[in-house]
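See below for the structure under consideration.
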Amino acid sequence: MKRSGKDGNVMKKKKWAVLGALVAAGVLVVILAVRLAGITEAQKAEAYLKNCIMVGDSVTVGFQNYCAKSDQDMWKQLRFLASVSLSAHNALWPVSEKSIHPLYQGEQRPVWESISMMGAKDVFISLGLNDLNIADDTCVYYQELADKIQTWSPGTRIHVISVTYVLKEGEKNEVRNVNIQELNEKLKVLADRNGWGFLDLASPLSDGEGGLREEYCSDGYVHQTAQAYEVWEEVLYAYIKEQITGNSRGKTREPAPEAIYQAVRAAVELPPMTEKDDAFIRDYYGIDPDLLDSYVLALAEDPVLAETIFIMRAKDPKDVEALADAAGAVGKQKAAEMRNYEVPEQYQIAAESGVRTKGRYVYLVISQAAEDAEEIIEEELERP
């Protein structure tokens with residue numbers, strides 16, 4: 001049946017009305033997209049900072065005070081666990097009348113305990129200045145502190161902030177710029193080895209000759225002015241943008257095997273486990289620890305349980321294949337042990353295990369929950 005002329009005109013009008021509405025909607029979408037594009041960066045940075053905690057000493061306390069007075073909500077919301085004279089060394093002390101742990105909810109607590117209570121995805125550690133007068137083993141304590149943070153808060157990302165310089169005229173005892181520069185170099189190596197972030201604040205605050213710029217110093221020593229903290233804000237914001245876009249100078253995130261293992265422990269039920277050392281993997285399994293950048297070998301304390309988590313990160317990618325073969329031999333040896341103990345269920349678990357590799361990583365999981373554990377390891381390795 002043909003439509004009448006009147007009906008045809010009505011349909012044409014409706015058609016053009018619909019097209020007009022679609023065009024208008026399209027324009028609106030474009031306008032909204034443009035507006036959103038303009039504020040996305042700031043919104044993402046603000047959301048990122050909500051999940052950050054900064055651990056530090058009196059120089060960090062200064063930045064905390066600066067942020068509290070900021071006219072930008074982004075910086076006001078940044079959370080701190082900072083106290084005067086805090087160091088990587090004394091941050092590991094037990095709580096006592098002499099300890100100087102930052103307060104949280106009105107009580108002194110180890111920072112890793114406070115962080116677990118506060119909840120955080122990213123922890124920035126700004127320590128080292130007060131360690132200079134204690135000993136030259138600061139990186140050992142840094143490692144232990146970060147390990148404790150990631151044990152109590154699995155999946156937390158660690159970022160190391162370089163130690164800032166001292167005014168040249170204010171150098172005293174071991175707090176000297178040459179020592180600060182040396183410590184920063186060691187901290188950078190430590191961060192790279194563990195897959196942590198590293199934020200260089202020393203350079204932008206430098207006078208160009210290895211000291212703190214005079215206009216950035218508030219006390220003729222190490223503490224800093226509001227002008228210096230403006231630099232902190234700019235550098236930190238640029239760093240956060242890199243983290244958000246995954247463009248941290250092209251560097252691929254490489255989490256520490258210990259952190260990956262702790263993430264597995266937090267999510268998967270395992271029997272009591274014991275971690276083995278260099279001597280064990282060398283003498284018992286014939287694996288050269290010098291080929292490894294880092295590793296975790298955790299075995300069930302009960303010898304009749306096959307449970308094994310072995311995560312290695314090779315120094316050189318060329319060694320991955322050989323290390324995978326060595327891990328495969330570990331699995332076969334564990335299966336043989338279970339057969340000798342006459343525990344068929346455990347033998348089957350070990351016999352069905354397999355070695356996996358990803359980049360510089362080699363890992364072997366022998367467990368009833370192997371599938372879940374391997375999934376968590378994959379997530380940790382793929383997480384930006």
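Residue numbers start at 1 in each chain; chains themselves are named A, B, ... in the order of the structure tokens; ligands are numbered from 1 in the order shown.
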Counting only C-alpha atoms, which residues of stretch 170-288 of chain A sit at most 7 Å from some atom of stretch 150-166 of chain A, and what is each one's closest atom pair with its distance in Å to one decimal, listed by chain and rising residue number, as CSV?
residue,atom,partner,partner_atom,distance
A:Gly170,CA,A:Val166,CA,6.6
A:Glu171,CA,A:Val166,CA,6.4
A:Arg176,CA,A:Val166,CA,7.0
A:Asn177,CA,A:Tyr165,CA,5.8
A:Ile180,CA,A:Val163,CA,6.5
A:Asn184,CA,A:Ser162,CA,5.7
A:Ala191,CA,A:Val160,CA,6.9
A:Trp196,CA,A:Ile158,CA,5.2
A:Gly197,CA,A:His159,CA,4.2
A:Phe198,CA,A:Val160,CA,4.8
A:Leu199,CA,A:Ile161,CA,4.8
A:Asp200,CA,A:Ser162,CA,5.2
A:Leu201,CA,A:Ser162,CA,5.8
A:Ala202,CA,A:Thr164,CA,4.4
A:Ser206,CA,A:Tyr165,CA,7.0
A:Gly211,CA,A:Tyr165,CA,5.3
A:Leu212,CA,A:Tyr165,CA,4.9
A:Tyr221,CA,A:Val166,CA,5.6
A:Val222,CA,A:Val166,CA,4.6
A:Ala259,CA,A:Gln150,CA,6.0
A:Gln262,CA,A:Thr151,CA,5.6
A:Ala263,CA,A:Pro154,CA,4.9
A:Ala266,CA,A:Pro154,CA,6.9
Alpha helix (DSSP H) residues, from DSSP on the backbone, in stretch 229-381 of chain A, as a VMD selection string: chain A and resid 229 to 245 257 to 267 278 to 283 320 to 340 344 to 351 370 to 381
Could the residues in this selection be saved with C-alpha atoms as a CSV table (one decimal), in the first residue's frame?
chain,number,residue,atom,x,y,z
A,229,TYR,CA,58.8,22.1,48.2
A,230,GLU,CA,57.3,23.7,45.1
A,231,VAL,CA,60.0,21.8,43.2
A,232,TRP,CA,59.0,18.6,45.1
A,233,GLU,CA,55.4,19.2,43.9
A,234,GLU,CA,56.4,19.7,40.3
A,235,VAL,CA,58.8,16.7,40.2
A,236,LEU,CA,56.3,14.4,42.0
A,237,TYR,CA,53.5,15.4,39.7
A,238,ALA,CA,55.6,14.7,36.6
A,239,TYR,CA,56.6,11.3,38.1
A,240,ILE,CA,53.0,10.4,38.8
A,241,LYS,CA,52.0,11.2,35.3
A,242,GLU,CA,54.6,8.8,34.1
A,243,GLN,CA,53.3,6.1,36.4
A,244,ILE,CA,49.7,6.7,35.2
A,245,THR,CA,50.6,6.4,31.6
A,257,PRO,CA,60.3,-12.3,43.8
A,258,GLU,CA,59.8,-11.8,47.5
A,259,ALA,CA,57.0,-9.4,46.9
A,260,ILE,CA,55.4,-11.8,44.4
A,261,TYR,CA,55.7,-14.7,46.9
A,262,GLN,CA,54.1,-12.6,49.6
A,263,ALA,CA,51.2,-11.8,47.3
A,264,VAL,CA,50.7,-15.5,46.7
A,265,ARG,CA,50.8,-16.2,50.5
A,266,ALA,CA,48.2,-13.6,51.1
A,267,ALA,CA,45.8,-15.1,48.6
A,278,ASP,CA,72.2,-19.3,48.6
A,279,ALA,CA,74.0,-22.2,50.1
A,280,PHE,CA,70.9,-24.5,49.8
A,281,ILE,CA,70.1,-23.8,46.2
A,282,ARG,CA,73.8,-24.1,45.3
A,283,ASP,CA,74.6,-27.3,47.2
A,320,VAL,CA,66.6,-17.9,31.6
A,321,GLU,CA,66.5,-21.2,29.6
A,322,ALA,CA,69.2,-22.8,31.7
A,323,LEU,CA,67.5,-21.7,34.9
A,324,ALA,CA,64.2,-23.1,33.6
A,325,ASP,CA,65.9,-26.4,33.1
A,326,ALA,CA,67.3,-26.2,36.6
A,327,ALA,CA,63.8,-25.4,38.0
A,328,GLY,CA,62.5,-28.4,36.1
A,329,ALA,CA,65.1,-30.6,37.8
A,330,VAL,CA,63.9,-29.3,41.2
A,331,GLY,CA,60.4,-30.4,40.3
A,332,LYS,CA,61.6,-33.9,39.3
A,333,GLN,CA,63.7,-34.2,42.5
A,334,LYS,CA,60.7,-33.2,44.6
A,335,ALA,CA,58.6,-35.8,42.9
A,336,ALA,CA,61.3,-38.4,43.6
A,337,GLU,CA,61.3,-37.4,47.3
A,338,MET,CA,57.5,-37.8,47.6
A,339,ARG,CA,57.7,-41.2,45.9
A,340,ASN,CA,60.4,-42.3,48.4
A,344,PRO,CA,51.2,-40.8,46.3
A,345,GLU,CA,49.0,-37.8,46.4
A,346,GLN,CA,52.0,-35.5,47.0
A,347,TYR,CA,54.0,-37.4,44.3
A,348,GLN,CA,51.2,-36.7,41.9
A,349,ILE,CA,51.1,-33.0,42.7
A,350,ALA,CA,54.9,-32.7,42.2
A,351,ALA,CA,54.8,-34.8,39.0
A,370,ALA,CA,49.1,-24.3,41.9
A,371,GLU,CA,46.6,-22.9,39.4
A,372,ASP,CA,45.6,-20.1,41.8
A,373,ALA,CA,49.2,-19.4,42.8
A,374,GLU,CA,50.4,-19.2,39.1
A,375,GLU,CA,47.5,-16.9,38.3
A,376,ILE,CA,48.6,-14.5,41.0
A,377,ILE,CA,52.2,-14.6,39.9
A,378,GLU,CA,51.1,-13.8,36.3
A,379,GLU,CA,49.0,-10.9,37.6
A,380,GLU,CA,51.9,-9.5,39.6
A,381,LEU,CA,54.2,-9.8,36.6
If DSSP is run on the backbone, what residues of stretch 299-334 of chain A are strand (DSSP E or B)? A reply as an mmCIF file with C-alpha atoms, in the first residue's frame would be ideal.
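Saved as out_5.cif:
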data_model
loop_
_atom_site.group_PDB
_atom_site.id
_atom_site.type_symbol
_atom_site.label_atom_id
_atom_site.label_comp_id
_atom_site.auth_asym_id
_atom_site.auth_seq_id
_atom_site.Cartn_x
_atom_site.Cartn_y
_atom_site.Cartn_z
ATOM 1 C CA LEU A 299 59.546 -25.232 50.831
ATOM 2 C CA ALA A 300 56.985 -26.828 53.125
ATOM 3 C CA THR A 308 57.259 -25.569 46.751
ATOM 4 C CA ILE A 309 57.292 -21.976 45.498
ATOM 5 C CA PHE A 310 60.424 -21.130 43.532
ATOM 6 C CA ILE A 311 60.580 -17.716 41.841
ATOM 7 C CA MET A 312 63.819 -16.556 40.205
ATOM 8 C CA ARG A 313 64.735 -13.359 38.413
ATOM 9 C CA ALA A 314 67.790 -13.797 36.200
#
Find the spatial neighbours of A:Ala228, counting only C-alpha atoms, within a cut-off of 7 Å - ignore same-chain residues fewer than 4 positions away - and output them as a VMD selection string. chain A and resid 205 216 224 232
Quick one: residues within 9 Å of A:Val84, only C-alpha atoms, excluding same-chain residues fewer than 3 positions away - as a PyMOL selection string? chain A and resi 56-61+100+102
Can I get the selection written as a short mmCIF file (atom, residue, chain, number, x, y, z; two decimals), in the first residue's frame, with C-alpha atoms?
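The resulting file, again.cif, is reproduced below:
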data_model
loop_
_atom_site.label_atom_id
_atom_site.label_comp_id
_atom_site.auth_asym_id
_atom_site.auth_seq_id
_atom_site.Cartn_x
_atom_site.Cartn_y
_atom_site.Cartn_z
CA GLY A 56 60.06 10.04 55.66
CA ASP A 57 62.10 12.13 58.07
CA SER A 58 62.09 15.80 59.07
CA VAL A 59 62.65 16.96 55.47
CA THR A 60 59.50 15.01 54.55
CA VAL A 61 57.71 16.53 57.55
CA ILE A 100 60.39 7.60 67.01
CA PRO A 102 55.32 8.13 63.18
#
I want to know what sits within 8 Å of stretch 136-138 of chain A, based on only C-alpha atoms, with residues of the same chain fewer than 4 positions away left out; could you give that as a list in words? Ala88, His89, Gly128, Asp131, Leu132 and Tyr142 of chain A
Can I get the selection written as a PDB file, in the first residue's frame, with all heavy atoms?
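Contents of result_13.pdb, as written:
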ATOM      1  N   ALA A  88      66.103   4.612  57.971  1.00  0.00           N
ATOM      2  CA  ALA A  88      65.833   3.221  57.591  1.00  0.00           C
ATOM      3  C   ALA A  88      66.214   2.282  58.725  1.00  0.00           C
ATOM      4  O   ALA A  88      65.613   1.218  58.902  1.00  0.00           O
ATOM      5  CB  ALA A  88      66.603   2.864  56.321  1.00  0.00           C
ATOM      6  N   HIS A  89      67.216   2.689  59.519  1.00  0.00           N
ATOM      7  CA  HIS A  89      67.648   1.866  60.641  1.00  0.00           C
ATOM      8  C   HIS A  89      66.614   1.856  61.766  1.00  0.00           C
ATOM      9  O   HIS A  89      66.106   0.806  62.154  1.00  0.00           O
ATOM     10  CB  HIS A  89      68.989   2.379  61.188  1.00  0.00           C
ATOM     11  CG  HIS A  89      70.171   2.032  60.350  1.00  0.00           C
ATOM     12  ND1 HIS A  89      70.465   2.693  59.165  1.00  0.00           N
ATOM     13  CD2 HIS A  89      71.147   1.097  60.511  1.00  0.00           C
ATOM     14  CE1 HIS A  89      71.578   2.181  58.645  1.00  0.00           C
ATOM     15  NE2 HIS A  89      72.006   1.216  59.429  1.00  0.00           N
ATOM     16  N   GLY A 128      67.174   8.105  54.620  1.00  0.00           N
ATOM     17  CA  GLY A 128      68.585   7.940  54.297  1.00  0.00           C
ATOM     18  C   GLY A 128      69.469   9.021  54.879  1.00  0.00           C
ATOM     19  O   GLY A 128      70.642   8.779  55.196  1.00  0.00           O
ATOM     20  N   ASP A 131      70.533   8.165  58.245  1.00  0.00           N
ATOM     21  CA  ASP A 131      71.293   6.923  58.266  1.00  0.00           C
ATOM     22  C   ASP A 131      72.783   7.163  58.061  1.00  0.00           C
ATOM     23  O   ASP A 131      73.604   6.317  58.404  1.00  0.00           O
ATOM     24  CB  ASP A 131      70.789   5.979  57.165  1.00  0.00           C
ATOM     25  CG  ASP A 131      69.365   5.522  57.407  1.00  0.00           C
ATOM     26  OD1 ASP A 131      69.174   4.541  58.136  1.00  0.00           O
ATOM     27  OD2 ASP A 131      68.451   6.161  56.866  1.00  0.00           O
ATOM     28  N   LEU A 132      73.131   8.310  57.479  1.00  0.00           N
ATOM     29  CA  LEU A 132      74.528   8.577  57.128  1.00  0.00           C
ATOM     30  C   LEU A 132      75.439   8.549  58.347  1.00  0.00           C
ATOM     31  O   LEU A 132      76.597   8.138  58.249  1.00  0.00           O
ATOM     32  CB  LEU A 132      74.640   9.923  56.412  1.00  0.00           C
ATOM     33  CG  LEU A 132      74.005   9.980  55.017  1.00  0.00           C
ATOM     34  CD1 LEU A 132      73.958  11.416  54.508  1.00  0.00           C
ATOM     35  CD2 LEU A 132      74.781   9.098  54.041  1.00  0.00           C
ATOM     36  N   TYR A 142      66.961  -0.604  54.108  1.00  0.00           N
ATOM     37  CA  TYR A 142      65.935  -0.192  53.145  1.00  0.00           C
ATOM     38  C   TYR A 142      65.208  -1.420  52.600  1.00  0.00           C
ATOM     39  O   TYR A 142      63.982  -1.454  52.500  1.00  0.00           O
ATOM     40  CB  TYR A 142      66.587   0.562  51.991  1.00  0.00           C
ATOM     41  CG  TYR A 142      66.075   1.974  51.783  1.00  0.00           C
ATOM     42  CD1 TYR A 142      66.786   3.064  52.283  1.00  0.00           C
ATOM     43  CD2 TYR A 142      64.908   2.215  51.084  1.00  0.00           C
ATOM     44  CE1 TYR A 142      66.339   4.362  52.081  1.00  0.00           C
ATOM     45  CE2 TYR A 142      64.450   3.505  50.872  1.00  0.00           C
ATOM     46  CZ  TYR A 142      65.169   4.578  51.375  1.00  0.00           C
ATOM     47  OH  TYR A 142      64.716   5.854  51.174  1.00  0.00           O
TER      48      TYR A 142
END
Atom CA of A:Ser85 to atom CA of A:Gln108, straight-line distance in Å: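 Answer for the atom CA of A:Gln108 to atom CA of A:Ser85 separation: 14.4 Å.
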Have a look at A:Asp302, A:Glu41, A:Asp293, A:Glu97 and name the one nearest to A:Glu254; count only C-alpha atoms. A:Asp293
Considering only C-alpha atoms, can you say which of A:Leu167, A:Val304, A:Ile134, A:Leu92 comes closest to A:Ile149? A:Leu92
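Atom CA of A:Trp112 is found 6.2 Å from atom CA of A:Lys148.
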Contacts of stretch 115-119 of chain A at 9 Å (only C-alpha atoms; same-chain gap of 2+ positions) as a ChimeraX atom specification: /A:51-53,81,104,110-113,121,123,149,152-153
